[in-house]
There are 2 protein chains.
Amino acid sequence: MDAHSIKVACSSCNLRELCLPMGLSHDEMNKLDHVISTRKRIKRGTALFNTGDRFTSLYAVRSGFFKTCITTADGRDQVTGFQMTGEIIGLDGIVSDQHSCDAIALEDAEVCVMPFDQLETLSREFNTLQHHVHKIMSREIVRDHGVMLLLGSMRAEERLAAFLLNLVQRLHARGFSQSELILRMTREEIGSYLGMKLETVSRTFSKFVEDGVIEVKQRYVKILDTEALKRIVNPQVCN
Amino acid sequence: MDAHSIKVACSSCNLRELCLPMGLSHDEMNKLDHVISTRKRIKRGTALFNTGDRFTSLYAVRSGFFKTCITTADGRDQVTGFQMTGEIIGLDGIVSDQHSCDAIALEDAEVCVMPFDQLETLSREFNTLQHHVHKIMSREIVRDHGVMLLLGSMRAEERLAAFLLNLVQRLHARGFSQSELILRMTREEIGSYLGMKLETVSRTFSKFVEDGVIEVKQRYVKILDTEALKRIVNPQVCN
DNA sequence: CGGCACCTTGAAACCGATCAAAGGGTGTGG
DNA sequence: CCACACCCTTTGATCGGTTTCAAGGTGCCG
């Protein structure tokens with residue numbers, strides 16, 4: 001049991017510089033360890049939670065890769081985000097005590113379960129933690145605004161370029177390559193996130209390959225010319 | 001001075017059922033009164049804050065109407081939201097201690113200034129307030145996801161119909177008509193929010209008028225057939 | 001009353017969607 | 001271990017909705 005509790009401790013987690021405990025003191029982190037007492041495994045293709053599920057906890061991605069998506073009555077759906085290691089899932093549930101999206105694992109995954117009432121209690125004790133929770137929520141809001149910009153005013157090539165740059169930047173922060181990545185999602189899921197059809201996603205990939213900007217082999221993508229991608233996102237930087 | 005502090009008190013504000021103090025006890029509201037010690041007037045067309053401004057406070061709209069928008073290096077911009085009475089502006093600033101969007105008054109407005117560090121301090125004292133702040137942030141996230149759905153997978157008519165229904169619903173919650181409204185923003189601003197050009201917004205309004213769904217005279221809009229608008233948003237509800 | 005900002009409407013161009021078909025990969029069961 | 005099935009992806013051709021370009025109209029404010 002003691003061994004087990006060490007196993008799930010933030011204080012001994014190699015993600016602590018990326019994840020919720022970022023910036024907490026030793027003391028604070030030990031307290032946090034008691035809040036985050038359980039982990040949960042989610043098999044590829046299954047849900048961490050579904051729309052309408054009662055909200056109880058936030059989840060920190062320990063390993064694996066998720067998408068969150070909302071589905072309308074008439075069957076359309078929209079991927080609202082992709083979450084990787086160290087990122088927090090479930091903030092949507094706070095407002096109405098139930099989740100307003102589905103969180104689906106795109107590969108076998110493990111999350112740390114953080115009962116939200118306990119997190120609130122501890123937040124009242126430590127202003128560092130409190131402020132950190134606020135920052136995480138604010139970060140999500142700012143990210144969403146960026147996606148709105150992308151969906152509202154970018155063309156297909158710009159969207160995909162922005163998407164790739166964002167992915168690779170987040171992966172790089174986790175110690176992976178700046179230029180190579182494996183996509184964990186299908187063309188259709190990318191399309192849903194970016195507001196385009198899977199055929200358009202595929203065509204745009206092909207276009208980038210023709211232009212020598214990237215290399216693609218199925219889910220593997222290699223960025224050959226980062227600057228070119230940046231220029232695609234921001235066409236007239238020099239005006 | 002005492003008279004003045006009463007004037008800006010949440011406890012005597014007629015918006016307290018809509019705004020931040022919603023659900024707080026008398027005692028808690030009195031404490032909150034000390035946090036929200038100032039109001040600020042913003043003239044039509046001017047900014048409450050701009051991108052890059054240092055973040056210090058959240059703002060509750062006391063009167064008037066705002067838009068928030070982000071602008072890219074190459075001059076494109078995206079309206080990320082419209083805020084009316086009782087709604088909170090400034091959550092974007094928490095994550096990086098500076099604002100990541102502009103907040104512009106679309107008519108002469110007044111806001112209550114809530115220094116965020118004081119709000120955090122008080123939040124640590126009252127879990128009702130703490131949870132309420134979390135809900136406000138979560139609500140913004142859920143709203144943003146809805147906009148992503150709209151931008152990512154709806155056609156022009158659906159977007160505008162959803163927009164009108166949303167506006168009128170929020171106005172109704174504030175005691176205004178369920179069927180009539182005055183738009184505080186231009187066609188271009190509507191278009192920016194909905195990811196379409198101002199001409200398309202105008203054409204879509206005209207289409208709705210032709211179909212007898214609404215009546216439009218400049219900024220004045222009267223909804224003649226709410227059900228029809230709902231059907232436009234959700235085309236095949238009966239399948 | 002004149003200027004200006006905003007709005008409407010038309011015609012043509014274009015981008016991405018749709019429809020269609022065929023070509024890989026991968027995983028499971030024989 | 002191989003084969004088949006299924007899913008994912010690519011590519012082509014056509015279609016359609018939105019944008020773009022353009023011109024004219026309306027209302028408001030100084």
# chains A, B, ... in the order shown; residues from 1 in each chain; ligands from 1
>>> interface_residues(of="chain B", to="chain C", cutoff="12 Å", atoms="only C-alpha atoms (C1' of nucleotides)", output="PyMOL selection string")
chain B and resi 153+155+185-189+198-207+216-219
>>> closest_atom_pairs(of="chain A", to="chain B", cutoff="9 Å", atoms="only C-alpha atoms", output="tab-separated table")
residue	atom	partner	partner_atom	distance
A:Cys69	CA	B:His145	CA	8.9
A:Ile70	CA	B:Leu149	CA	7.7
A:Thr71	CA	B:Leu149	CA	8.8
A:Thr72	CA	B:Asn234	CA	8.3
A:Ala73	CA	B:Val237	CA	6.8
A:Asp74	CA	B:Val237	CA	5.9
A:Arg76	CA	B:Ser153	CA	7.4
A:Asp77	CA	B:Leu149	CA	7.4
A:Gln78	CA	B:Leu149	CA	5.5
A:Val79	CA	B:Leu149	CA	8.2
A:Thr80	CA	B:His145	CA	6.2
A:Leu91	CA	B:Ser138	CA	6.0
A:Asp92	CA	B:Ser138	CA	5.5
A:Gly93	CA	B:Ser138	CA	7.2
A:Ile94	CA	B:Lys135	CA	5.7
A:Val95	CA	B:Lys135	CA	4.3
A:Ser96	CA	B:Lys135	CA	7.8
A:Ser100	CA	B:Val142	CA	7.3
A:Cys101	CA	B:Val142	CA	8.9
A:Glu120	CA	B:His131	CA	7.7
A:Thr121	CA	B:Asn127	CA	8.0
A:Ser123	CA	B:Arg124	CA	7.2
A:Arg124	CA	B:Arg124	CA	4.1
A:Glu125	CA	B:Arg124	CA	6.9
A:Phe126	CA	B:Arg124	CA	8.5
A:Asn127	CA	B:Arg124	CA	7.8
A:Gln130	CA	B:Glu120	CA	7.8
A:His131	CA	B:Glu120	CA	7.7
A:His132	CA	B:Val95	CA	8.5
A:His134	CA	B:Ile94	CA	7.0
A:Lys135	CA	B:Val95	CA	4.3
A:Ile136	CA	B:Val95	CA	7.0
A:Met137	CA	B:Met137	CA	6.6
A:Ser138	CA	B:Val95	CA	5.3
A:Arg139	CA	B:Val95	CA	5.5
A:Glu140	CA	B:Ile141	CA	7.1
A:Ile141	CA	B:Ile141	CA	5.7
A:Val142	CA	B:Asp92	CA	5.6
A:Asp144	CA	B:Asp144	CA	6.2
A:His145	CA	B:Thr80	CA	6.2
A:Gly146	CA	B:Ile70	CA	8.4
A:Val147	CA	B:Met148	CA	7.3
A:Met148	CA	B:Met148	CA	6.1
A:Leu149	CA	B:Gln78	CA	5.5
A:Leu150	CA	B:Gln78	CA	8.9
A:Leu151	CA	B:Leu151	CA	5.9
A:Gly152	CA	B:Gly195	CA	4.0
A:Ser153	CA	B:Gly195	CA	6.1
A:Ser192	CA	B:Gly152	CA	7.1
A:Tyr193	CA	B:Gly152	CA	7.4
A:Leu194	CA	B:Gly152	CA	6.8
A:Gly195	CA	B:Gly152	CA	4.0
A:Met196	CA	B:Gly152	CA	7.3
A:Asn234	CA	B:Asp74	CA	6.5
A:Pro235	CA	B:Asp74	CA	7.3
A:Gln236	CA	B:Asp74	CA	5.9
A:Val237	CA	B:Asp74	CA	5.9
A:Cys238	CA	B:Asp74	CA	8.6
A:Asn239	CA	B:Asp74	CA	7.8
>>> select_by_dssp(residues="range 103-137 of chain B", states="helix (DSSP H, G or I)", output="PyMOL selection string")
chain B and resi 116-125+127-137
>>> closest_atom_pairs(of="chain D", to="chain B", cutoff="9 Å", atoms="only C-alpha atoms (C1' of nucleotides)", output="tab-separated table")
residue	atom	partner	partner_atom	distance
D:DG17	C1'	B:Arg155	CA	8.5
D:DT18	C1'	B:Thr200	CA	7.2
D:DT19	C1'	B:Lys197	CA	7.3
D:DG27	C1'	B:Gln218	CA	9.0
>>> write_last_selection(atoms="N, CA and C atoms (P, O5', C5', C4', C3', O3' and C1' of nucleotides)", output="mmCIF file, in the first residue's frame")
data_model
loop_
_atom_site.group_PDB
_atom_site.id
_atom_site.type_symbol
_atom_site.label_atom_id
_atom_site.label_comp_id
_atom_site.auth_asym_id
_atom_site.auth_seq_id
_atom_site.Cartn_x
_atom_site.Cartn_y
_atom_site.Cartn_z
ATOM 1 P P DG D 17 -25.489 25.042 -52.278
ATOM 2 O "O5'" DG D 17 -24.727 25.688 -51.040
ATOM 3 C "C5'" DG D 17 -23.749 24.920 -50.339
ATOM 4 C "C4'" DG D 17 -22.678 25.843 -49.810
ATOM 5 C "C3'" DG D 17 -23.189 27.167 -49.265
ATOM 6 O "O3'" DG D 17 -22.434 27.443 -48.093
ATOM 7 C "C1'" DG D 17 -21.677 27.583 -51.051
ATOM 8 P P DT D 18 -22.804 28.673 -47.179
ATOM 9 O "O5'" DT D 18 -21.554 29.637 -47.397
ATOM 10 C "C5'" DT D 18 -20.239 29.096 -47.252
ATOM 11 C "C4'" DT D 18 -19.230 30.056 -47.824
ATOM 12 C "C3'" DT D 18 -19.380 31.504 -47.381
ATOM 13 O "O3'" DT D 18 -18.147 31.877 -46.794
ATOM 14 C "C1'" DT D 18 -19.104 31.375 -49.741
ATOM 15 P P DT D 19 -17.802 33.389 -46.431
ATOM 16 O "O5'" DT D 19 -16.912 33.836 -47.676
ATOM 17 C "C5'" DT D 19 -15.771 33.053 -48.026
ATOM 18 C "C4'" DT D 19 -15.063 33.659 -49.215
ATOM 19 C "C3'" DT D 19 -14.665 35.119 -49.053
ATOM 20 O "O3'" DT D 19 -13.321 35.238 -49.502
ATOM 21 C "C1'" DT D 19 -15.966 34.859 -51.019
ATOM 22 P P DG D 27 -33.501 54.207 -44.368
ATOM 23 O "O5'" DG D 27 -32.532 54.708 -43.211
ATOM 24 C "C5'" DG D 27 -31.763 53.743 -42.495
ATOM 25 C "C4'" DG D 27 -30.694 54.457 -41.689
ATOM 26 C "C3'" DG D 27 -31.215 55.654 -40.889
ATOM 27 O "O3'" DG D 27 -30.597 55.600 -39.619
ATOM 28 C "C1'" DG D 27 -29.408 56.319 -42.228
#
>>> atom_distance(atom1="CA of Phe49 in chain B", atom2="CA of Pro21 in chain B")
23.2 Å
>>> select_by_dssp(residues="range 57-187 of chain A", states="strand (DSSP E or B)", output="PyMOL selection string")
chain A and resi 57-71+77-83+88-89+98+102-115+180-182
>>> atom_distance(atom1="CA of Val111 in chain B", atom2="CA of Gln169 in chain B")
21.9 Å
>>> atom_distance(atom1="CA of Glu180 in chain A", atom2="CA of Leu48 in chain A")
28.0 Å
>>> residues_around(residues="Leu32 in chain B", least_positions_apart="3", cutoff="9 Å", atoms="only C-alpha atoms (C1' of nucleotides)", output="short mmCIF file (atom, residue, chain, number, x, y, z; two decimals) with N, CA and C atoms, in the first residue's frame")
data_model
loop_
_atom_site.label_atom_id
_atom_site.label_comp_id
_atom_site.auth_asym_id
_atom_site.auth_seq_id
_atom_site.Cartn_x
_atom_site.Cartn_y
_atom_site.Cartn_z
N ALA B 9 -21.63 48.57 -4.36
CA ALA B 9 -21.72 47.30 -3.66
C ALA B 9 -22.51 46.26 -4.45
N CYS B 10 -21.94 45.05 -4.50
CA CYS B 10 -22.65 43.92 -5.10
C CYS B 10 -23.98 43.70 -4.39
N SER B 11 -23.94 43.87 -3.06
CA SER B 11 -25.11 43.53 -2.26
C SER B 11 -26.32 44.39 -2.60
N PRO B 21 -21.74 37.55 -7.86
CA PRO B 21 -22.24 37.20 -6.52
C PRO B 21 -23.38 36.18 -6.49
N ASP B 27 -23.44 37.41 4.01
CA ASP B 27 -22.14 37.61 4.61
C ASP B 27 -21.04 37.64 3.56
N GLU B 28 -21.09 36.66 2.70
CA GLU B 28 -20.07 36.55 1.66
C GLU B 28 -20.14 37.74 0.72
N MET B 29 -21.35 38.16 0.43
CA MET B 29 -21.51 39.28 -0.49
C MET B 29 -20.94 40.57 0.10
N VAL B 35 -13.90 43.80 -2.23
CA VAL B 35 -13.01 43.48 -3.34
C VAL B 35 -13.35 44.34 -4.55
N ILE B 36 -14.65 44.45 -4.80
CA ILE B 36 -15.10 45.21 -5.96
C ILE B 36 -15.35 46.64 -5.54
N SER B 37 -14.27 47.40 -5.46
CA SER B 37 -14.39 48.73 -4.88
C SER B 37 -14.50 49.81 -5.95
N LEU B 119 -9.61 38.64 -5.38
CA LEU B 119 -10.65 37.63 -5.63
C LEU B 119 -10.14 36.25 -5.24
N LEU B 122 -10.13 36.00 -1.38
CA LEU B 122 -11.47 35.79 -0.85
C LEU B 122 -12.00 34.39 -1.20
#
